[in-house]
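What follows is coords_2.tsv (TSV, C-alpha atoms).
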chain	number	residue	atom	x	y	z
A	1020	MET	CA	98.26	95.47	83.06
A	1021	THR	CA	99.86	97.97	80.66
A	1022	THR	CA	103.30	99.35	81.33
A	1023	SER	CA	101.88	102.86	81.86
A	1024	ALA	CA	99.30	101.75	84.40
A	1025	ASP	CA	101.92	99.74	86.22
A	1026	LYS	CA	104.38	102.63	86.23
A	1027	LEU	CA	101.68	104.96	87.58
A	1028	ILE	CA	100.88	102.56	90.42
A	1029	GLU	CA	104.54	102.09	91.37
A	1030	THR	CA	105.18	105.83	91.32
A	1031	THR	CA	102.09	106.48	93.45
A	1032	GLN	CA	103.23	103.84	95.95
A	1033	ALA	CA	106.55	105.66	96.31
A	1034	LEU	CA	104.96	109.12	96.59
A	1035	LEU	CA	102.32	108.00	99.12
A	1036	TRP	CA	105.07	106.48	101.25
A	1037	GLU	CA	107.24	109.58	101.06
A	1038	ARG	CA	104.68	112.41	101.04
A	1039	GLY	CA	101.29	110.93	101.94
A	1040	TYR	CA	98.02	111.35	100.04
A	1041	VAL	CA	97.49	115.04	100.81
A	1042	GLY	CA	101.08	115.80	99.75
A	1043	THR	CA	100.86	113.95	96.42
A	1044	SER	CA	99.47	115.76	93.39
A	1045	PRO	CA	98.36	114.07	90.13
A	1046	ARG	CA	100.91	116.29	88.40
A	1047	ALA	CA	103.76	115.00	90.60
A	1048	ILE	CA	102.72	111.42	89.83
A	1049	GLN	CA	102.66	112.09	86.08
A	1050	ASP	CA	106.03	113.86	86.12
A	1051	MET	CA	107.74	111.16	88.18
A	1052	ALA	CA	106.18	108.32	86.18
A	1053	GLY	CA	106.88	110.01	82.86
A	1054	VAL	CA	103.26	109.38	81.87
A	1055	GLY	CA	101.02	112.06	80.40
A	1056	GLN	CA	97.78	113.34	81.93
A	1057	GLY	CA	95.66	111.77	79.18
A	1058	SER	CA	97.19	108.35	79.78
A	1059	MET	CA	96.73	108.65	83.54
A	1060	TYR	CA	93.02	109.48	83.21
A	1061	HIS	CA	92.66	106.74	80.61
A	1062	HIS	CA	93.75	104.17	83.19
A	1063	PHE	CA	92.40	105.70	86.42
A	1064	ARG	CA	89.35	107.88	87.11
A	1065	GLY	CA	91.45	110.19	89.26
A	1066	LYS	CA	93.90	110.50	92.11
A	1067	ALA	CA	91.73	108.52	94.56
A	1068	ALA	CA	91.36	105.54	92.19
A	1069	LEU	CA	95.09	105.49	91.50
A	1070	ALA	CA	95.92	105.86	95.21
A	1071	LEU	CA	93.61	102.96	96.01
A	1072	ALA	CA	95.41	100.72	93.49
A	1073	ALA	CA	98.76	101.79	94.98
A	1074	GLU	CA	97.58	101.18	98.55
A	1075	GLU	CA	96.27	97.73	97.65
A	1076	ARG	CA	99.57	96.78	96.07
A	1077	SER	CA	101.61	98.11	99.03
A	1078	SER	CA	99.35	96.21	101.41
A	1079	ALA	CA	99.68	92.97	99.41
A	1080	GLU	CA	103.48	93.32	99.29
A	1081	LEU	CA	103.68	93.97	103.02
A	1082	LEU	CA	101.37	91.08	103.91
A	1083	GLU	CA	103.37	88.74	101.69
A	1084	GLU	CA	106.61	89.72	103.44
A	1085	VAL	CA	105.11	89.39	106.93
A	1086	ARG	CA	103.14	86.20	106.24
A	1087	HIS	CA	106.33	84.51	105.14
A	1088	LEU	CA	107.84	85.28	108.54
A	1089	LEU	CA	104.80	84.64	110.73
A	1090	GLU	CA	103.94	81.34	109.06
A	1091	ALA	CA	107.47	79.96	109.17
A	1092	PRO	CA	107.90	76.80	111.22
A	1093	GLY	CA	109.29	77.03	114.75
A	1094	ASP	CA	108.48	78.40	118.15
A	1095	PRO	CA	105.49	80.81	118.03
A	1096	LEU	CA	106.99	83.38	120.41
A	1097	ASP	CA	110.22	83.40	118.39
A	1098	ARG	CA	108.15	84.25	115.32
A	1099	VAL	CA	106.55	87.21	117.11
A	1100	VAL	CA	110.03	88.35	118.16
A	1101	GLY	CA	111.18	87.87	114.55
A	1102	TYR	CA	108.35	90.10	113.38
A	1103	LEU	CA	109.34	92.79	115.90
A	1104	ARG	CA	112.93	92.56	114.72
A	1105	LEU	CA	112.05	92.60	111.01
A	1106	GLU	CA	113.82	95.76	109.98
A	1107	ARG	CA	112.85	97.56	106.87
A	1108	ASP	CA	114.08	101.07	106.22
A	1109	ILE	CA	113.17	102.38	109.67
A	1110	LEU	CA	113.58	106.09	108.92
A	1111	LYS	CA	111.20	105.80	105.97
A	1112	GLY	CA	108.53	104.44	108.29
A	1113	CYS	CA	105.79	101.98	107.35
A	1114	ARG	CA	104.45	102.37	103.82
A	1115	VAL	CA	100.97	101.38	105.00
A	1116	GLY	CA	100.82	102.77	108.53
A	1117	ARG	CA	102.00	106.25	107.51
A	1118	LEU	CA	98.73	106.70	105.59
A	1119	ALA	CA	96.84	106.73	108.89
A	1120	ALA	CA	98.32	110.20	109.51
A	1121	ASP	CA	96.58	111.43	106.37
A	1122	PRO	CA	93.24	113.22	106.97
A	1123	GLU	CA	91.91	112.46	103.48
A	1124	VAL	CA	92.74	108.76	103.80
A	1125	VAL	CA	91.09	108.29	107.19
A	1126	ALA	CA	88.03	110.32	106.12
A	1127	ASP	CA	87.41	108.12	103.05
A	1128	PRO	CA	86.26	104.57	103.89
A	1129	ALA	CA	87.57	103.21	100.57
A	1130	LEU	CA	91.05	104.71	101.02
A	1131	ARG	CA	91.16	103.73	104.70
A	1132	LYS	CA	90.17	100.09	104.06
A	1133	PRO	CA	93.54	98.72	102.82
A	1134	VAL	CA	95.26	100.26	105.87
A	1135	ALA	CA	92.67	98.88	108.30
A	1136	ASP	CA	92.69	95.44	106.65
A	1137	THR	CA	96.47	95.18	106.70
A	1138	PHE	CA	96.63	95.80	110.46
A	1139	ALA	CA	93.63	93.52	111.10
A	1140	GLN	CA	95.24	90.64	109.19
A	1141	ILE	CA	98.67	90.95	110.81
A	1142	GLY	CA	97.02	91.46	114.20
A	1143	GLU	CA	94.97	88.29	113.85
A	1144	ARG	CA	98.04	86.24	112.92
A	1145	LEU	CA	100.01	87.71	115.84
A	1146	ALA	CA	97.16	86.97	118.27
A	1147	SER	CA	97.11	83.30	117.14
A	1148	LEU	CA	100.86	82.99	117.64
A	1149	LEU	CA	100.67	84.61	121.07
A	1150	ALA	CA	97.83	82.24	122.06
A	1151	GLU	CA	99.95	79.30	120.83
A	1152	ALA	CA	102.84	80.58	122.94
A	1153	GLN	CA	100.53	80.66	125.95
A	1154	ALA	CA	99.31	77.11	125.27
A	1155	ALA	CA	102.96	76.03	125.09
A	1156	GLY	CA	103.69	77.69	128.43
A	1157	ARG	CA	106.04	80.25	126.87
A	1158	LEU	CA	103.88	83.24	127.82
A	1159	ARG	CA	101.73	84.01	130.89
A	1160	ALA	CA	98.27	82.54	130.35
A	1161	GLY	CA	96.42	85.44	131.99
A	1162	LEU	CA	97.26	87.88	129.20
A	1163	ASP	CA	94.77	88.75	126.49
A	1164	ALA	CA	96.42	87.61	123.23
A	1165	ARG	CA	94.45	90.11	121.12
A	1166	ALA	CA	95.50	93.01	123.33
A	1167	LEU	CA	99.13	91.88	123.18
A	1168	ALA	CA	98.92	91.60	119.39
A	1169	ALA	CA	97.83	95.25	119.28
A	1170	THR	CA	100.75	96.12	121.58
A	1171	VAL	CA	103.16	94.41	119.16
A	1172	LEU	CA	101.72	96.26	116.15
A	1173	ALA	CA	101.74	99.56	118.05
A	1174	VAL	CA	105.37	99.24	119.13
A	1175	ARG	CA	106.47	98.89	115.51
A	1176	GLN	CA	104.31	101.77	114.29
A	1177	GLY	CA	105.20	104.00	117.24
A	1178	GLY	CA	108.85	103.03	116.91
A	1179	TYR	CA	108.85	104.47	113.41
A	1180	VAL	CA	107.35	107.72	114.75
A	1181	LEU	CA	110.07	108.00	117.43
A	1182	ALA	CA	112.84	107.15	114.94
A	1183	ARG	CA	111.70	109.74	112.40
A	1184	ALA	CA	111.32	112.36	115.14
A	1185	ALA	CA	114.87	111.67	116.39
A	1186	ASP	CA	116.31	111.13	112.88
A	1187	SER	CA	117.85	108.00	114.39
A	1188	VAL	CA	117.02	104.31	114.46
A	1189	VAL	CA	118.00	104.12	118.16
A	1190	PRO	CA	114.56	104.75	119.74
A	1191	TYR	CA	112.99	102.20	117.37
A	1192	GLY	CA	115.46	99.57	118.58
A	1193	GLN	CA	114.86	100.52	122.22
A	1194	ALA	CA	111.09	100.31	121.90
A	1195	VAL	CA	111.32	96.87	120.29
A	1196	ASP	CA	113.93	95.62	122.79
A	1197	GLY	CA	111.79	96.75	125.72
A	1198	LEU	CA	108.74	94.86	124.48
A	1199	ILE	CA	110.74	91.73	123.63
A	1200	ALA	CA	112.23	91.70	127.14
A	1201	LEU	CA	108.75	91.96	128.64
A	1202	LEU	CA	107.35	89.21	126.38
A	1203	THR	CA	110.20	86.74	126.74
A	1204	GLY	CA	111.19	87.41	130.34
A	1205	ASN	CA	114.83	87.76	129.29
A	1206	ASP	CA	116.82	90.57	130.83
A	1207	THR	CA	118.15	93.35	128.65
A	1208	LYS	CA	120.89	94.76	130.84
B	1361	MET	CA	102.10	139.08	121.56
B	1362	THR	CA	99.54	140.76	119.34
B	1363	THR	CA	96.12	139.25	118.81
B	1364	SER	CA	96.89	138.58	115.11
B	1365	ALA	CA	100.15	136.78	115.81
B	1366	ASP	CA	98.45	134.74	118.49
B	1367	LYS	CA	95.53	133.88	116.24
B	1368	LEU	CA	97.94	132.82	113.47
B	1369	ILE	CA	99.83	130.51	115.84
B	1370	GLU	CA	96.65	128.91	117.19
B	1371	THR	CA	95.28	128.37	113.70
B	1372	THR	CA	98.56	126.85	112.54
B	1373	GLN	CA	98.58	124.52	115.56
B	1374	ALA	CA	95.13	123.25	114.56
B	1375	LEU	CA	96.02	122.87	110.87
B	1376	LEU	CA	99.33	121.10	111.55
B	1377	TRP	CA	97.50	118.66	113.83
B	1378	GLU	CA	94.75	118.02	111.29
B	1379	ARG	CA	96.61	118.20	107.95
B	1380	GLY	CA	100.34	118.21	108.70
B	1381	TYR	CA	102.94	120.66	107.41
B	1382	VAL	CA	102.86	119.57	103.76
B	1383	GLY	CA	99.05	119.78	103.74
B	1384	THR	CA	98.88	123.29	105.25
B	1385	SER	CA	99.16	126.30	102.93
B	1386	PRO	CA	99.82	129.88	104.07
B	1387	ARG	CA	96.55	130.77	102.36
B	1388	ALA	CA	94.59	128.21	104.43
B	1389	ILE	CA	96.14	129.62	107.61
B	1390	GLN	CA	95.22	133.20	106.65
B	1391	ASP	CA	91.65	132.25	105.70
B	1392	MET	CA	91.03	130.24	108.85
B	1393	ALA	CA	92.65	132.85	111.12
B	1394	GLY	CA	90.88	135.72	109.38
B	1395	VAL	CA	94.24	137.50	109.10
B	1396	GLY	CA	95.51	139.06	105.89
B	1397	GLN	CA	98.67	138.06	104.03
B	1398	GLY	CA	100.39	141.36	104.86
B	1399	SER	CA	99.76	140.88	108.58
B	1400	MET	CA	101.00	137.28	108.46
B	1401	TYR	CA	104.29	138.26	106.80
B	1402	HIS	CA	104.62	141.20	109.20
B	1403	HIS	CA	104.68	138.78	112.13
B	1404	PHE	CA	106.37	135.73	110.57
B	1405	ARG	CA	108.98	135.40	107.83
B	1406	GLY	CA	107.00	132.61	106.21
B	1407	LYS	CA	105.24	129.31	106.69
B	1408	ALA	CA	108.26	127.62	108.30
B	1409	ALA	CA	108.70	130.37	110.92
B	1410	LEU	CA	105.00	130.27	111.78
B	1411	ALA	CA	104.98	126.47	111.89
B	1412	LEU	CA	107.94	126.53	114.25
B	1413	ALA	CA	106.12	128.88	116.63
B	1414	ALA	CA	103.05	126.62	116.46
B	1415	GLU	CA	105.08	123.48	117.07
B	1416	GLU	CA	106.84	125.04	120.04
B	1417	ARG	CA	103.53	126.02	121.58
B	1418	SER	CA	101.99	122.56	121.00
B	1419	SER	CA	105.06	120.96	122.51
B	1420	ALA	CA	104.96	123.23	125.58
B	1421	GLU	CA	101.23	122.53	126.09
B	1422	LEU	CA	101.76	118.79	125.80
B	1423	LEU	CA	104.75	118.76	128.15
B	1424	GLU	CA	102.82	120.81	130.70
B	1425	GLU	CA	99.94	118.31	130.62
B	1426	VAL	CA	102.23	115.28	130.88
B	1427	ARG	CA	104.58	116.74	133.48
B	1428	HIS	CA	101.63	117.38	135.76
B	1429	LEU	CA	100.83	113.65	135.60
B	1430	LEU	CA	104.35	112.24	135.72
B	1431	GLU	CA	105.47	114.45	138.59
B	1432	ALA	CA	102.40	113.79	140.75
B	1433	PRO	CA	103.10	112.10	144.08
B	1434	GLY	CA	102.55	108.38	144.42
B	1435	ASP	CA	103.82	105.05	143.17
B	1436	PRO	CA	106.15	105.49	140.15
B	1437	LEU	CA	104.71	102.54	138.17
B	1438	ASP	CA	101.18	103.84	138.74
B	1439	ARG	CA	102.29	107.13	137.21
B	1440	VAL	CA	103.62	105.37	134.11
B	1441	VAL	CA	100.30	103.49	133.86
B	1442	GLY	CA	98.47	106.80	134.30
B	1443	TYR	CA	100.47	108.26	131.41
B	1444	LEU	CA	99.56	105.28	129.22
B	1445	ARG	CA	95.90	105.72	130.17
B	1446	LEU	CA	95.89	109.49	129.63
B	1447	GLU	CA	93.32	109.76	126.88
B	1448	ARG	CA	93.17	112.73	124.69
B	1449	ASP	CA	91.14	112.66	121.52
B	1450	ILE	CA	92.52	109.35	120.29
B	1451	LEU	CA	91.22	109.52	116.72
B	1452	LYS	CA	92.87	112.92	116.25
B	1453	GLY	CA	96.21	111.38	117.13
B	1454	CYS	CA	99.10	113.16	118.83
B	1455	ARG	CA	99.51	116.80	117.89
B	1456	VAL	CA	103.29	116.50	118.15
B	1457	GLY	CA	103.94	112.91	117.03
B	1458	ARG	CA	101.89	113.23	113.85
B	1459	LEU	CA	104.46	115.72	112.52
B	1460	ALA	CA	107.02	112.89	112.31
B	1461	ALA	CA	105.03	111.56	109.33
B	1462	ASP	CA	105.73	114.80	107.50
B	1463	PRO	CA	108.67	114.68	105.05
B	1464	GLU	CA	109.30	118.43	105.21
B	1465	VAL	CA	109.35	118.42	109.02
B	1466	VAL	CA	111.79	115.52	109.37
B	1467	ALA	CA	114.04	116.93	106.61
B	1468	ASP	CA	114.38	120.31	108.38
B	1469	PRO	CA	116.39	120.17	111.63
B	1470	ALA	CA	114.67	123.30	112.99
B	1471	LEU	CA	111.16	121.97	112.37
B	1472	ARG	CA	112.09	118.49	113.62
B	1473	LYS	CA	113.61	119.77	116.88
B	1474	PRO	CA	110.41	120.46	118.88
B	1475	VAL	CA	109.14	116.95	118.01
B	1476	ALA	CA	112.45	115.30	118.95
B	1477	ASP	CA	112.76	117.33	122.16
B	1478	THR	CA	109.22	116.52	123.28
B	1479	PHE	CA	109.80	112.78	123.01
B	1480	ALA	CA	113.25	113.06	124.59
B	1481	GLN	CA	111.89	114.93	127.60
B	1482	ILE	CA	108.93	112.63	128.21
B	1483	GLY	CA	111.15	109.60	127.60
B	1484	GLU	CA	113.67	110.77	130.18
B	1485	ARG	CA	110.97	111.29	132.79
B	1486	LEU	CA	109.45	107.86	132.05
B	1487	ALA	CA	112.87	106.20	132.30
B	1488	SER	CA	113.40	107.76	135.77
B	1489	LEU	CA	110.01	106.55	136.95
B	1490	LEU	CA	110.64	103.04	135.61
B	1491	ALA	CA	114.04	102.97	137.34
B	1492	GLU	CA	112.36	104.09	140.59
B	1493	ALA	CA	109.81	101.28	140.14
B	1494	GLN	CA	112.69	98.83	139.78
B	1495	ALA	CA	114.40	100.18	142.90
B	1496	ALA	CA	111.11	99.75	144.77
B	1497	GLY	CA	110.82	96.14	143.57
B	1498	ARG	CA	107.70	96.87	141.50
B	1499	LEU	CA	109.38	96.00	138.18
B	1500	ARG	CA	111.97	93.37	137.18
B	1501	ALA	CA	115.46	94.78	137.78
B	1502	GLY	CA	116.99	93.22	134.66
B	1503	LEU	CA	115.06	95.45	132.27
B	1504	ASP	CA	116.64	98.49	130.65
B	1505	ALA	CA	114.56	101.44	131.89
B	1506	ARG	CA	115.45	103.58	128.86
B	1507	ALA	CA	114.35	100.86	126.44
B	1508	LEU	CA	111.10	100.41	128.35
B	1509	ALA	CA	110.49	104.17	128.29
B	1510	ALA	CA	110.77	104.04	124.49
B	1511	THR	CA	108.32	101.11	124.48
B	1512	VAL	CA	105.83	103.17	126.51
B	1513	LEU	CA	106.15	106.15	124.14
B	1514	ALA	CA	105.89	103.89	121.08
B	1515	VAL	CA	102.74	102.14	122.29
B	1516	ARG	CA	100.95	105.48	122.62
B	1517	GLN	CA	102.13	106.75	119.23
B	1518	GLY	CA	101.51	103.42	117.49
B	1519	GLY	CA	98.14	103.10	119.24
B	1520	TYR	CA	97.06	106.34	117.57
B	1521	VAL	CA	98.12	104.94	114.18
B	1522	LEU	CA	96.08	101.75	114.72
B	1523	ALA	CA	93.06	103.70	115.99
B	1524	ARG	CA	93.04	106.08	113.02
B	1525	ALA	CA	93.48	103.17	110.60
B	1526	ALA	CA	90.53	101.32	112.18
B	1527	ASP	CA	88.47	104.49	112.76
B	1528	SER	CA	87.97	103.11	116.25
B	1529	VAL	CA	89.54	103.67	119.66
B	1530	VAL	CA	89.49	99.91	120.36
B	1531	PRO	CA	93.00	98.99	119.09
B	1532	TYR	CA	94.47	101.93	121.03
B	1533	GLY	CA	92.93	100.57	124.23
B	1534	GLN	CA	94.12	97.05	123.46
B	1535	ALA	CA	97.70	98.16	122.77
B	1536	VAL	CA	97.82	100.10	126.04
B	1537	ASP	CA	96.14	97.31	128.05
B	1538	GLY	CA	98.62	94.74	126.70
B	1539	LEU	CA	101.62	96.81	127.74
B	1540	ILE	CA	100.17	97.62	131.16
B	1541	ALA	CA	99.55	93.91	131.80
B	1542	LEU	CA	103.17	93.13	130.87
B	1543	LEU	CA	104.53	95.95	133.05
B	1544	THR	CA	102.41	95.34	136.13
B	1545	GLY	CA	102.16	91.54	135.97
B	1546	ASN	CA	98.37	91.77	136.38
B	1547	ASP	CA	96.26	89.50	134.22
B	1548	THR	CA	93.92	91.01	131.65
B	1549	LYS	CA	91.52	88.13	131.10
Kindly transcribe the structure held in the file into structure tokens.
Amino acid sequence: MTTSADKLIETTQALLWERGYVGTSPRAIQDMAGVGQGSMYHHFRGKAALALAAEERSSAELLEEVRHLLEAPGDPLDRVVGYLRLERDILKGCRVGRLAADPEVVADPALRKPVADTFAQIGERLASLLAEAQAAGRLRAGLDARALAATVLAVRQGGYVLARAADSVVPYGQAVDGLIALLTGNDTK
Amino acid sequence: MTTSADKLIETTQALLWERGYVGTSPRAIQDMAGVGQGSMYHHFRGKAALALAAEERSSAELLEEVRHLLEAPGDPLDRVVGYLRLERDILKGCRVGRLAADPEVVADPALRKPVADTFAQIGERLASLLAEAQAAGRLRAGLDARALAATVLAVRQGGYVLARAADSVVPYGQAVDGLIALLTGNDTK
């Protein structure tokens, strides 16, 4: 990949994370990347094609980070707790999940796909770990592991929403602590 | 309030919900409301002032709807479950929470305030109900009711993110079901 194409993708990743798809103009990408309009349209058909490349890279980076944690050796429930406690820059929110707020991303199947796939892949891994925890007697057997996996994903995503609304990491930590206490049966006060 | 001012606020509520603050231009508001630029600036100093009025109205409407449910008579844990099951238009997401994705809303204390206050008020009410449920022996006493209240809020907000990403209400339902099973101790499979 050329340096310009790479720079455009990186810049678009940052702008999508910060401002979303609707809030990111081709002009802003060019200015921030220091790449001219001609070069941008040489490498990418337009904003959607560039955004798709940026989304795919953000998704791959996120999955790599999470897979590392979820596939580590050790107790399966501890790995789910580790995922819940994995703190990125909470007030920035999730670079992938934030795109679900964007009307033009959710309306376009191609732009929505990397977001949907990222959650589906993490969700599947979490559901396996939760089922393993049940088989090992660490978690009540009567719970639906797929539903719980969605609960785990939702608490992280919703925690970001609460944290950004409050301009404070506190509600994120509370939301995660509450779910961990329910999953592990350990008291929190 | 004049009909024009009212129409401008309603239109801005709809556009903020659909496109967010960054994605909503004064021109789009005027066109959709059928109100001229002069009339808009007669009633509101600018986009931020109009957005604030729209946010405050959305927040008041949401709190009214939720308060009705949370302050109903009956078992406190059932009321928390009822709140989790309160289904609006899931794929549209939360009219208040979605604003937390918006960089210009979270960067402006005045625009952020209605979002923060809405979550704080619902969270406080949920925490009281969860504490009542503990006092009544319906919920483990060792859990921090404020943390659990944040978990409940986060599951709803994160459930919307997952649903929009998947273009399906299924993950929202799963996330809510998983948390309800953990809170009530009832099996889900």
Using all atoms listed in the file, which chain B residues lie at most 6 Å away from chain A, written as a VMD selection string? chain B and resid 1382 to 1383 1460 1475 to 1476 1502 to 1504 1507 to 1508 1510 to 1511 1514 to 1515 1517 to 1519 1521 1524 to 1526 1534 to 1535 1538 1547 to 1549
Step by step, gather every atom of region 1470-1478 of chain B that the file lists, find the box along x, y and z that holds them, add 3 Å on each side, and finally give centre and edge lengths in Å to one decimal, as JSON.
{"center_x": 111.9, "center_y": 119.3, "center_z": 117.8, "size_x": 11.5, "size_y": 14.0, "size_z": 16.9}
Considering all atoms listed in the file, return as a PyMOL selection string whatever protein or nucleic-acid residues lie within 7 Å of Glu1415 (chain B), sequence-local ones (same chain, fewer than 3 positions apart) excluded. chain B and resi 1373+1411-1412+1418-1419+1474
Give me the residues within 8 Å of region 1427-1433 of chain B as a ChimeraX atom specification, counting all atoms listed in the file and dropping any in the same chain fewer than 3 places off. /B:1423-1424,1439-1440,1442-1443,1482,1485-1486
Computed interatomic separation between CA of Gln1390 (chain B) and CA of Leu1422 (chain B) (Å): 24.8 Å
Could you check how far CA of Met1051 (chain A) sits from CA of Thr1022 (chain A), in Å to one decimal? 14.4 Å
